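Source file: work15.cif; contents: mmCIF, C-alpha atoms.
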data_structure
loop_
_atom_site.group_PDB
_atom_site.id
_atom_site.type_symbol
_atom_site.label_atom_id
_atom_site.label_comp_id
_atom_site.auth_asym_id
_atom_site.auth_seq_id
_atom_site.Cartn_x
_atom_site.Cartn_y
_atom_site.Cartn_z
ATOM 1 C CA MET N 1 -8.468 -17.797 -21.774
ATOM 2 C CA PRO N 2 -11.905 -16.465 -20.696
ATOM 3 C CA ARG N 3 -12.694 -12.833 -21.420
ATOM 4 C CA ARG N 4 -12.544 -10.694 -18.265
ATOM 5 C CA ILE N 5 -15.472 -8.350 -17.665
ATOM 6 C CA TYR N 6 -14.979 -5.731 -14.965
ATOM 7 C CA THR N 7 -17.368 -3.450 -13.114
ATOM 8 C CA ASP N 8 -14.716 -0.719 -13.300
ATOM 9 C CA PRO N 9 -12.008 -1.286 -15.952
ATOM 10 C CA LYS N 10 -10.134 1.828 -14.779
ATOM 11 C CA LEU N 11 -9.143 0.287 -11.460
ATOM 12 C CA PRO N 12 -5.471 -0.713 -11.130
ATOM 13 C CA VAL N 13 -4.712 -4.323 -11.991
ATOM 14 C CA SER N 14 -4.161 -5.268 -8.346
ATOM 15 C CA ALA N 15 -7.652 -4.061 -7.407
ATOM 16 C CA LEU N 16 -9.838 -5.604 -10.075
ATOM 17 C CA ALA N 17 -13.608 -5.743 -9.574
ATOM 18 C CA PHE N 18 -15.370 -8.362 -11.695
ATOM 19 C CA LYS N 19 -18.973 -8.408 -12.797
ATOM 20 C CA ASP N 20 -18.575 -12.160 -12.341
ATOM 21 C CA PRO N 21 -16.437 -12.610 -9.196
ATOM 22 C CA LEU N 22 -15.756 -16.269 -10.017
ATOM 23 C CA GLN N 23 -13.340 -15.018 -12.657
ATOM 24 C CA PHE N 24 -10.916 -14.479 -9.770
ATOM 25 C CA TRP N 25 -10.519 -18.237 -9.412
ATOM 26 C CA GLU N 26 -10.087 -18.710 -13.160
ATOM 27 C CA ILE N 27 -7.243 -16.179 -13.118
ATOM 28 C CA LEU N 28 -5.704 -17.822 -10.047
ATOM 29 C CA ALA N 29 -5.636 -21.208 -11.775
ATOM 30 C CA ASP N 30 -4.169 -19.650 -14.946
ATOM 31 C CA ALA N 31 -1.481 -17.883 -12.888
ATOM 32 C CA LEU N 32 -0.544 -21.100 -11.061
ATOM 33 C CA ALA N 33 -0.185 -22.884 -14.402
ATOM 34 C CA GLU N 34 1.925 -20.105 -15.925
ATOM 35 C CA ASN N 35 4.055 -19.502 -12.816
ATOM 36 C CA PRO N 36 3.990 -22.739 -10.818
ATOM 37 C CA PRO N 37 5.054 -22.642 -7.157
ATOM 38 C CA SER N 38 8.103 -24.543 -5.986
ATOM 39 C CA ALA N 39 7.744 -28.289 -5.606
ATOM 40 C CA ASP N 40 7.631 -28.185 -1.809
ATOM 41 C CA GLN N 41 4.799 -25.635 -1.845
ATOM 42 C CA VAL N 42 2.898 -27.665 -4.442
ATOM 43 C CA ALA N 43 3.159 -30.698 -2.178
ATOM 44 C CA ALA N 44 2.357 -28.878 1.064
ATOM 45 C CA LEU N 45 -0.255 -26.310 0.043
ATOM 46 C CA LEU N 46 -2.053 -27.091 -3.187
ATOM 47 C CA PRO N 47 -3.812 -30.183 -1.754
ATOM 48 C CA LEU N 48 -5.673 -27.702 0.492
ATOM 49 C CA PHE N 49 -7.180 -26.119 -2.633
ATOM 50 C CA LYS N 50 -8.346 -29.382 -4.187
ATOM 51 C CA PRO N 51 -11.887 -29.159 -2.700
ATOM 52 C CA LEU N 52 -12.171 -25.787 -4.492
ATOM 53 C CA GLY N 53 -11.263 -27.329 -7.846
ATOM 54 C CA ILE N 54 -7.789 -25.736 -7.924
ATOM 55 C CA MET N 55 -5.395 -28.341 -9.330
ATOM 56 C CA PRO N 56 -1.728 -27.869 -10.323
ATOM 57 C CA GLY N 57 -1.397 -26.872 -13.980
ATOM 58 C CA GLU N 58 -5.115 -27.214 -14.747
ATOM 59 C CA PRO N 59 -7.742 -24.579 -15.634
ATOM 60 C CA TRP N 60 -10.464 -23.996 -13.075
ATOM 61 C CA ASP N 61 -13.859 -25.395 -14.110
ATOM 62 C CA ARG N 62 -16.738 -24.071 -12.039
ATOM 63 C CA SER N 63 -19.137 -26.596 -13.550
ATOM 64 C CA LYS N 64 -17.384 -29.413 -11.697
ATOM 65 C CA LEU N 65 -18.075 -27.906 -8.261
ATOM 66 C CA PRO N 66 -21.173 -28.309 -6.115
ATOM 67 C CA PRO N 67 -23.268 -25.126 -6.534
ATOM 68 C CA VAL N 68 -22.986 -24.276 -2.828
ATOM 69 C CA VAL N 69 -19.152 -24.307 -3.072
ATOM 70 C CA ALA N 70 -19.121 -22.138 -6.195
ATOM 71 C CA GLU N 71 -21.522 -19.699 -4.536
ATOM 72 C CA ALA N 72 -19.286 -19.420 -1.459
ATOM 73 C CA MET N 73 -16.191 -18.896 -3.628
ATOM 74 C CA GLY N 74 -17.969 -16.082 -5.456
ATOM 75 C CA LYS N 75 -18.820 -14.349 -2.184
ATOM 76 C CA VAL N 76 -15.227 -14.641 -0.975
ATOM 77 C CA ALA N 77 -13.856 -13.227 -4.246
ATOM 78 C CA GLU N 78 -16.190 -10.229 -3.975
ATOM 79 C CA ARG N 79 -14.986 -9.333 -0.475
ATOM 80 C CA ILE N 80 -11.349 -10.324 -0.318
ATOM 81 C CA GLY N 81 -9.913 -7.361 -2.239
ATOM 82 C CA ALA N 82 -11.520 -4.708 -0.051
ATOM 83 C CA GLU N 83 -10.608 -6.577 3.130
ATOM 84 C CA LEU N 84 -6.976 -7.024 2.107
ATOM 85 C CA ALA N 85 -6.807 -3.297 1.337
ATOM 86 C CA ILE N 86 -7.360 -2.373 4.995
ATOM 87 C CA LEU N 87 -5.622 -5.231 6.808
ATOM 88 C CA PRO N 88 -2.459 -4.115 8.623
ATOM 89 C CA ASN N 89 0.870 -5.597 7.664
ATOM 90 C CA GLY N 90 4.110 -4.922 9.460
ATOM 91 C CA SER N 91 4.188 -3.160 12.820
ATOM 92 C CA PHE N 92 3.024 0.188 14.228
ATOM 93 C CA ARG N 93 5.849 2.364 15.569
ATOM 94 C CA ASN N 94 5.729 6.049 16.506
ATOM 95 C CA GLY N 95 2.652 6.529 14.319
ATOM 96 C CA TRP N 96 4.073 4.749 11.273
ATOM 97 C CA VAL N 97 3.337 1.327 9.802
ATOM 98 C CA VAL N 98 6.709 -0.308 9.185
ATOM 99 C CA GLN N 99 6.669 -3.050 6.557
ATOM 100 C CA PRO N 100 7.846 -6.549 7.593
ATOM 101 C CA PRO N 101 11.414 -7.674 6.815
ATOM 102 C CA THR N 102 10.008 -10.290 4.392
ATOM 103 C CA ILE N 103 8.627 -7.650 2.001
ATOM 104 C CA GLY N 104 9.709 -8.240 -1.598
ATOM 105 C CA ASN N 105 11.044 -11.711 -0.754
ATOM 106 C CA PHE N 106 8.124 -13.298 1.092
ATOM 107 C CA GLY N 107 9.022 -16.968 1.199
ATOM 108 C CA THR N 108 6.217 -18.576 3.218
ATOM 109 C CA ASP N 109 4.905 -15.263 4.585
ATOM 110 C CA TYR N 110 1.632 -15.672 2.660
ATOM 111 C CA TYR N 111 -0.268 -13.077 4.686
ATOM 112 C CA ASN N 112 1.999 -10.219 3.625
ATOM 113 C CA ARG N 113 2.403 -11.634 0.131
ATOM 114 C CA ALA N 114 -1.381 -11.396 -0.312
ATOM 115 C CA ILE N 115 -1.625 -7.844 1.053
ATOM 116 C CA ILE N 116 1.193 -6.567 -1.167
ATOM 117 C CA ALA N 117 -0.257 -8.347 -4.209
ATOM 118 C CA ARG N 118 -3.573 -6.551 -3.661
ATOM 119 C CA ASN N 119 -2.281 -3.131 -2.659
ATOM 120 C CA GLY N 120 0.970 -2.780 -4.549
ATOM 121 C CA LEU N 121 1.126 -5.741 -6.954
ATOM 122 C CA THR N 122 4.805 -6.095 -6.050
ATOM 123 C CA ALA N 123 7.399 -4.515 -3.760
ATOM 124 C CA ASN N 124 11.143 -4.018 -3.388
ATOM 125 C CA THR N 125 13.205 -5.794 -0.743
ATOM 126 C CA PRO N 126 14.400 -3.740 2.269
ATOM 127 C CA GLN N 127 17.884 -3.516 0.744
ATOM 128 C CA GLU N 128 16.333 -1.732 -2.259
ATOM 129 C CA ALA N 129 13.710 0.402 -0.524
ATOM 130 C CA ILE N 130 12.122 0.873 2.899
ATOM 131 C CA TYR N 131 8.369 1.574 2.893
ATOM 132 C CA ILE N 132 6.948 3.393 5.914
ATOM 133 C CA GLY N 133 3.208 4.066 5.783
ATOM 134 C CA GLY N 134 0.908 6.532 7.474
ATOM 135 C CA VAL N 135 -2.797 5.686 7.698
ATOM 136 C CA THR N 136 -4.114 7.688 10.680
ATOM 137 C CA GLY N 137 -3.814 11.087 12.276
ATOM 138 C CA SER N 138 -2.850 11.633 15.903
ATOM 139 C CA ASP N 139 -6.523 11.155 16.804
ATOM 140 C CA GLY N 140 -6.334 7.553 15.603
ATOM 141 C CA ASN N 141 -8.810 8.068 12.743
ATOM 142 C CA ARG N 142 -8.074 7.376 9.079
ATOM 143 C CA LEU N 143 -6.455 10.166 7.091
ATOM 144 C CA SER N 144 -9.204 12.130 5.348
ATOM 145 C CA GLY N 145 -9.265 15.068 2.947
ATOM 146 C CA VAL N 146 -11.772 16.875 5.179
ATOM 147 C CA ASN N 147 -8.968 17.415 7.709
ATOM 148 C CA ARG N 148 -5.579 19.129 7.669
ATOM 149 C CA TYR N 149 -2.433 17.410 8.901
ATOM 150 C CA THR N 150 1.239 18.098 9.418
ATOM 151 C CA VAL N 151 4.036 15.556 9.355
ATOM 152 C CA THR N 152 7.119 16.720 11.261
ATOM 153 C CA PHE N 153 10.390 14.856 10.855
ATOM 154 C CA LYS N 154 12.865 15.444 13.642
ATOM 155 C CA ASP N 155 15.342 13.202 11.788
ATOM 156 C CA LEU N 156 15.024 12.763 8.030
ATOM 157 C CA PRO N 157 15.006 9.227 6.599
ATOM 158 C CA PRO N 158 18.600 8.164 5.862
ATOM 159 C CA PHE N 159 19.583 6.874 2.432
ATOM 160 C CA VAL N 160 22.725 6.105 0.449
ATOM 161 C CA GLU N 161 23.592 8.128 -2.663
ATOM 162 C CA PRO N 162 22.360 8.007 -5.376
ATOM 163 C CA GLY N 163 19.187 6.976 -3.558
ATOM 164 C CA PHE N 164 16.587 9.363 -2.175
ATOM 165 C CA TRP N 165 13.550 9.566 0.105
ATOM 166 C CA SER N 166 10.070 10.867 -0.645
ATOM 167 C CA LEU N 167 6.608 11.144 0.911
ATOM 168 C CA THR N 168 3.674 10.431 -1.407
ATOM 169 C CA LEU N 169 -0.109 10.485 -0.866
ATOM 170 C CA TYR N 170 -2.340 7.771 -2.349
ATOM 171 C CA ASP N 171 -6.108 7.537 -2.772
ATOM 172 C CA SER N 172 -7.435 4.680 -0.607
ATOM 173 C CA ALA N 173 -10.086 3.825 -3.214
ATOM 174 C CA ASN N 174 -7.647 2.862 -5.970
ATOM 175 C CA ASN N 175 -4.066 3.214 -4.660
ATOM 176 C CA TYR N 176 -3.323 5.901 -7.258
ATOM 177 C CA THR N 177 -1.668 9.231 -6.546
ATOM 178 C CA ILE N 178 -4.043 12.144 -6.031
ATOM 179 C CA PRO N 179 -4.749 14.587 -8.896
ATOM 180 C CA ASN N 180 -4.320 18.202 -7.811
ATOM 181 C CA SER N 181 -4.135 21.727 -9.170
ATOM 182 C CA ILE N 182 -0.359 22.122 -8.754
ATOM 183 C CA ASP N 183 0.589 18.683 -10.138
ATOM 184 C CA ARG N 184 2.543 17.806 -7.017
ATOM 185 C CA TYR N 185 2.489 14.154 -5.986
ATOM 186 C CA SER N 186 5.456 13.765 -3.643
ATOM 187 C CA LEU N 187 7.979 15.717 -1.600
ATOM 188 C CA GLY N 188 11.382 14.585 -0.464
ATOM 189 C CA SER N 189 15.122 14.871 -0.713
ATOM 190 C CA ASP N 190 14.988 15.818 -4.405
ATOM 191 C CA ASN N 191 12.949 18.938 -3.576
ATOM 192 C CA LYS N 192 15.596 21.578 -2.875
ATOM 193 C CA THR N 193 13.032 24.289 -2.026
ATOM 194 C CA LEU N 194 11.707 22.564 1.118
ATOM 195 C CA LYS N 195 11.834 24.903 4.113
ATOM 196 C CA ARG N 196 13.273 23.606 7.399
ATOM 197 C CA ASN N 197 12.084 24.737 10.824
ATOM 198 C CA ALA N 198 14.360 26.789 13.065
ATOM 199 C CA ASP N 199 15.406 23.675 15.005
ATOM 200 C CA GLY N 200 16.365 21.849 11.793
ATOM 201 C CA SER N 201 13.275 19.639 11.660
ATOM 202 C CA LEU N 202 11.065 19.463 8.592
ATOM 203 C CA THR N 203 7.276 19.896 8.535
ATOM 204 C CA LEU N 204 5.157 18.854 5.565
ATOM 205 C CA TYR N 205 1.527 19.985 5.167
ATOM 206 C CA LEU N 206 -1.046 17.401 4.057
ATOM 207 C CA GLN N 207 -4.328 19.105 3.192
ATOM 208 C CA GLN N 208 -6.693 19.908 0.359
ATOM 209 C CA ASP N 209 -6.180 23.692 0.358
ATOM 210 C CA SER N 210 -2.941 25.672 0.365
ATOM 211 C CA PRO N 211 -1.399 26.249 3.828
ATOM 212 C CA GLY N 212 -0.432 29.760 2.699
ATOM 213 C CA ALA N 213 2.499 31.215 0.785
ATOM 214 C CA GLU N 214 4.918 30.760 3.681
ATOM 215 C CA HIS N 215 4.376 26.982 3.782
ATOM 216 C CA GLU N 216 3.382 26.203 0.199
ATOM 217 C CA ALA N 217 6.792 24.743 -0.719
ATOM 218 C CA ASN N 218 6.118 22.035 1.903
ATOM 219 C CA TRP N 219 2.520 21.328 0.855
ATOM 220 C CA LEU N 220 1.260 17.979 -0.452
ATOM 221 C CA PRO N 221 -2.321 18.362 -1.780
ATOM 222 C CA ALA N 222 -4.826 15.892 -0.305
ATOM 223 C CA PRO N 223 -8.114 14.759 -1.931
ATOM 224 C CA ALA N 224 -11.405 16.534 -1.367
ATOM 225 C CA GLY N 225 -13.053 14.645 1.481
ATOM 226 C CA ASP N 226 -11.794 11.172 0.568
ATOM 227 C CA TYR N 227 -9.725 8.724 2.592
ATOM 228 C CA TYR N 228 -6.083 8.419 1.687
ATOM 229 C CA PHE N 229 -2.777 7.127 3.030
ATOM 230 C CA ASP N 230 0.822 8.189 2.722
ATOM 231 C CA PHE N 231 4.079 6.349 2.172
ATOM 232 C CA CYS N 232 7.495 7.607 3.110
ATOM 233 C CA VAL N 233 9.972 5.588 1.043
ATOM 234 C CA ALA N 234 13.761 5.592 1.312
ATOM 235 C CA TYR N 235 15.348 4.206 -1.856
ATOM 236 C CA ALA N 236 18.833 2.729 -1.345
ATOM 237 C CA PRO N 237 18.326 3.066 2.418
ATOM 238 C CA GLY N 238 21.179 3.207 4.876
ATOM 239 C CA GLU N 239 22.044 0.271 7.095
ATOM 240 C CA ALA N 240 20.405 1.945 10.128
ATOM 241 C CA LEU N 241 17.027 2.059 8.399
ATOM 242 C CA ILE N 242 17.348 -1.535 7.220
ATOM 243 C CA ARG N 243 18.046 -2.584 10.828
ATOM 244 C CA ALA N 244 14.966 -0.655 11.903
ATOM 245 C CA GLN N 245 12.810 -3.189 10.061
ATOM 246 C CA SER N 246 13.430 -5.654 12.878
ATOM 247 C CA GLU N 247 14.821 -3.432 15.676
ATOM 248 C CA PRO N 248 12.147 -1.020 16.998
ATOM 249 C CA ASP N 249 14.658 1.104 18.919
ATOM 250 C CA ALA N 250 16.491 1.899 15.679
ATOM 251 C CA PHE N 251 13.392 3.402 14.069
ATOM 252 C CA PRO N 252 13.540 7.175 13.368
ATOM 253 C CA SER N 253 11.104 9.421 15.219
ATOM 254 C CA ARG N 254 8.110 11.165 13.712
ATOM 255 C CA ARG N 255 5.286 13.398 14.904
ATOM 256 C CA LEU N 256 1.952 13.667 13.105
ATOM 257 C CA ARG N 257 -0.291 16.467 14.316
ATOM 258 C CA TRP N 258 -3.970 16.705 13.436
ATOM 259 C CA TRP N 259 -6.589 19.426 13.566
ATOM 260 C CA SER N 260 -10.065 19.867 12.128
ATOM 261 C CA SER N 261 -10.468 21.887 8.963
ATOM 262 C CA GLY N 262 -13.432 23.716 10.528
#
Using structure tokens, write down the structure from this file.
Amino acid sequence: MPRRIYTDPKLPVSALAFKDPLQFWEILADALAENPPSADQVAALLPLFKPLGIMPGEPWDRSKLPPVVAEAMGKVAERIGAELAILPNGSFRNGWVVQPPTIGNFGTDYYNRAIIARNGLTANTPQEAIYIGGVTGSDGNRLSGVNRYTVTFKDLPPFVEPGFWSLTLYDSANNYTIPNSIDRYSLGSDNKTLKRNADGSLTLYLQQDSPGAEHEANWLPAPAGDYYFDFCVAYAPGEALIRAQSEPDAFPSRRLRWWSSG
């Protein structure tokens, strides 16, 4: 197997950046040989890859391609990771991005399979976990560490014991959690010190600096000036939340307020 040479070896495996982008196609061919698709997909789809030199069970040999084809494949491999990282998957509801019902068991949903492979490498099925993502503030712009945000839950995500729910922030550059001075990476049902509002709702504070002693128990530290996203995940979700994957009216409400850090 060819030796992989990366521009940044510290990136997560689903976000590799090669000094030689054509290595992407070598890995793809190796993966198809090691984990072959089902027979119907081999018959229906792999013939489409034949002009690119991708053949079932065979290593990819760039030397057998016309130079113009190899050049184009290199350009695609350089761009595809970054483009997949920002493509939407699922549906937008009440400010959240709700993952599609096919997550974790994609079948022929190749679009979402590709996005999850790049951004999460793999994912649970809805029966195991519901992923609900936040990528923008109420102004419609991407979440950024230069701003301060609040997330207010009027109804907390339901789950079935011994499951739980949590909200976690991730760095958009590498999909890792965000290092911070208080070593806090998520908040959720396991955090017994969370403070509820007078009306029973729950507000979490997403910002770089502390929101003050009164709200610090509900604070998730954000990065310094960088883009990020959040995921609210319910593990062992209740039936109502599973239905919400395909029934918009069943989706729980959420408010995300935004203001400038000044």
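Atom to atom, CA of Leu16 in chain N and CA of Gly104 in chain N stand 21.5 Å apart.
Note that the spacing between CA of Leu48 in chain N and CA of Ile116 in chain N amounts to 22.3 Å.
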Report as a PyMOL selection string the residues that result from applying the PyMOL selection byres ((chain N and resi 111) around 12) to the structure here.
chain N and resi 84+87-90+100+102-103+106-110+112-118
Dump as an mmCIF file, in the frame of the given file, selection limited to C-alpha atoms:
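Saved file out-v1.cif follows:
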data_model
loop_
_atom_site.group_PDB
_atom_site.id
_atom_site.type_symbol
_atom_site.label_atom_id
_atom_site.label_comp_id
_atom_site.auth_asym_id
_atom_site.auth_seq_id
_atom_site.Cartn_x
_atom_site.Cartn_y
_atom_site.Cartn_z
ATOM 1 C CA LEU N 84 -6.976 -7.024 2.107
ATOM 2 C CA LEU N 87 -5.622 -5.231 6.808
ATOM 3 C CA PRO N 88 -2.459 -4.115 8.623
ATOM 4 C CA ASN N 89 0.870 -5.597 7.664
ATOM 5 C CA GLY N 90 4.110 -4.922 9.460
ATOM 6 C CA PRO N 100 7.846 -6.549 7.593
ATOM 7 C CA THR N 102 10.008 -10.290 4.392
ATOM 8 C CA ILE N 103 8.627 -7.650 2.001
ATOM 9 C CA PHE N 106 8.124 -13.298 1.092
ATOM 10 C CA GLY N 107 9.022 -16.968 1.199
ATOM 11 C CA THR N 108 6.217 -18.576 3.218
ATOM 12 C CA ASP N 109 4.905 -15.263 4.585
ATOM 13 C CA TYR N 110 1.632 -15.672 2.660
ATOM 14 C CA ASN N 112 1.999 -10.219 3.625
ATOM 15 C CA ARG N 113 2.403 -11.634 0.131
ATOM 16 C CA ALA N 114 -1.381 -11.396 -0.312
ATOM 17 C CA ILE N 115 -1.625 -7.844 1.053
ATOM 18 C CA ILE N 116 1.193 -6.567 -1.167
ATOM 19 C CA ALA N 117 -0.257 -8.347 -4.209
ATOM 20 C CA ARG N 118 -3.573 -6.551 -3.661
#
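Using all atoms listed in the file for every distance, the candidate list N:Ser189, N:Gly81, N:Gly57, N:Thr125 yields N:Ser189 as the residue closest to Pro158 in chain N.
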Interatomic distance (Å, one decimal) between CA of Ala15 in chain N and CA of Pro237 in chain N
28.7 Å
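Minimum distance to Ala224 in chain N across N:Lys19, N:Arg148, N:Lys50, N:Arg62 (counting only C-alpha atoms) occurs at N:Arg148.
Proximity to Lys75 in chain N was assessed for N:Asp40, N:Asp226, N:Asp20, N:Asp199 counting only C-alpha atoms; the smallest distance is recorded for N:Asp20.
With all atoms listed in the file as the atoms that count, the minimum distance from Asp8 in chain N to the choices N:Asn141, N:Ser246, N:Asn174, N:Asn180 is reached by N:Asn174.
Nearest to Ala17 in chain N of all the residues N:Ala31, N:Ile80, N:Val68, N:Ile86 is N:Ile80, counting only C-alpha atoms.
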Expand the PyMOL selection byres ((chain N and resi 182-185) around 7) into the individual residues it matches in the shown file, reporting them as a ChimeraX atom specification.
/N:168-169,177-181,186,220
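Here the question is which of N:Leu121, N:Ala198, N:Val135, N:Val160 gets nearest to Ser14 in chain N using all atoms listed in the file, and that residue is N:Leu121.
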I want to know what sits within 12 Å of Glu71 in chain N, based on all atoms listed in the file, with residues of the same chain fewer than 4 positions away left out; could you give that as number ranges by chain?
N: 20-22, 52, 62-63, 65-67, 75-78
Env of Trp165 in chain N: 12 Å cut, atoms = all atoms listed in the file, seq-sep filter 4 positions within chain, self excluded. Answer as a compact mmCIF listing (two decimals) with C-alpha atoms, in the frame of the given file.
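Saved to selection17.txt:
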# COMPACT_ATOMS: atom_id res chain seq x y z
CA GLU N 128 16.33 -1.73 -2.26
CA ALA N 129 13.71 0.40 -0.52
CA ILE N 130 12.12 0.87 2.90
CA TYR N 131 8.37 1.57 2.89
CA ILE N 132 6.95 3.39 5.91
CA LEU N 156 15.02 12.76 8.03
CA PRO N 157 15.01 9.23 6.60
CA PRO N 158 18.60 8.16 5.86
CA PHE N 159 19.58 6.87 2.43
CA VAL N 160 22.72 6.10 0.45
CA GLU N 161 23.59 8.13 -2.66
CA SER N 186 5.46 13.76 -3.64
CA LEU N 187 7.98 15.72 -1.60
CA GLY N 188 11.38 14.58 -0.46
CA SER N 189 15.12 14.87 -0.71
CA ASP N 190 14.99 15.82 -4.40
CA ASN N 191 12.95 18.94 -3.58
CA PHE N 231 4.08 6.35 2.17
CA CYS N 232 7.50 7.61 3.11
CA VAL N 233 9.97 5.59 1.04
CA ALA N 234 13.76 5.59 1.31
CA TYR N 235 15.35 4.21 -1.86
CA ALA N 236 18.83 2.73 -1.34
CA PRO N 237 18.33 3.07 2.42
CA GLY N 238 21.18 3.21 4.88
CA LEU N 241 17.03 2.06 8.40
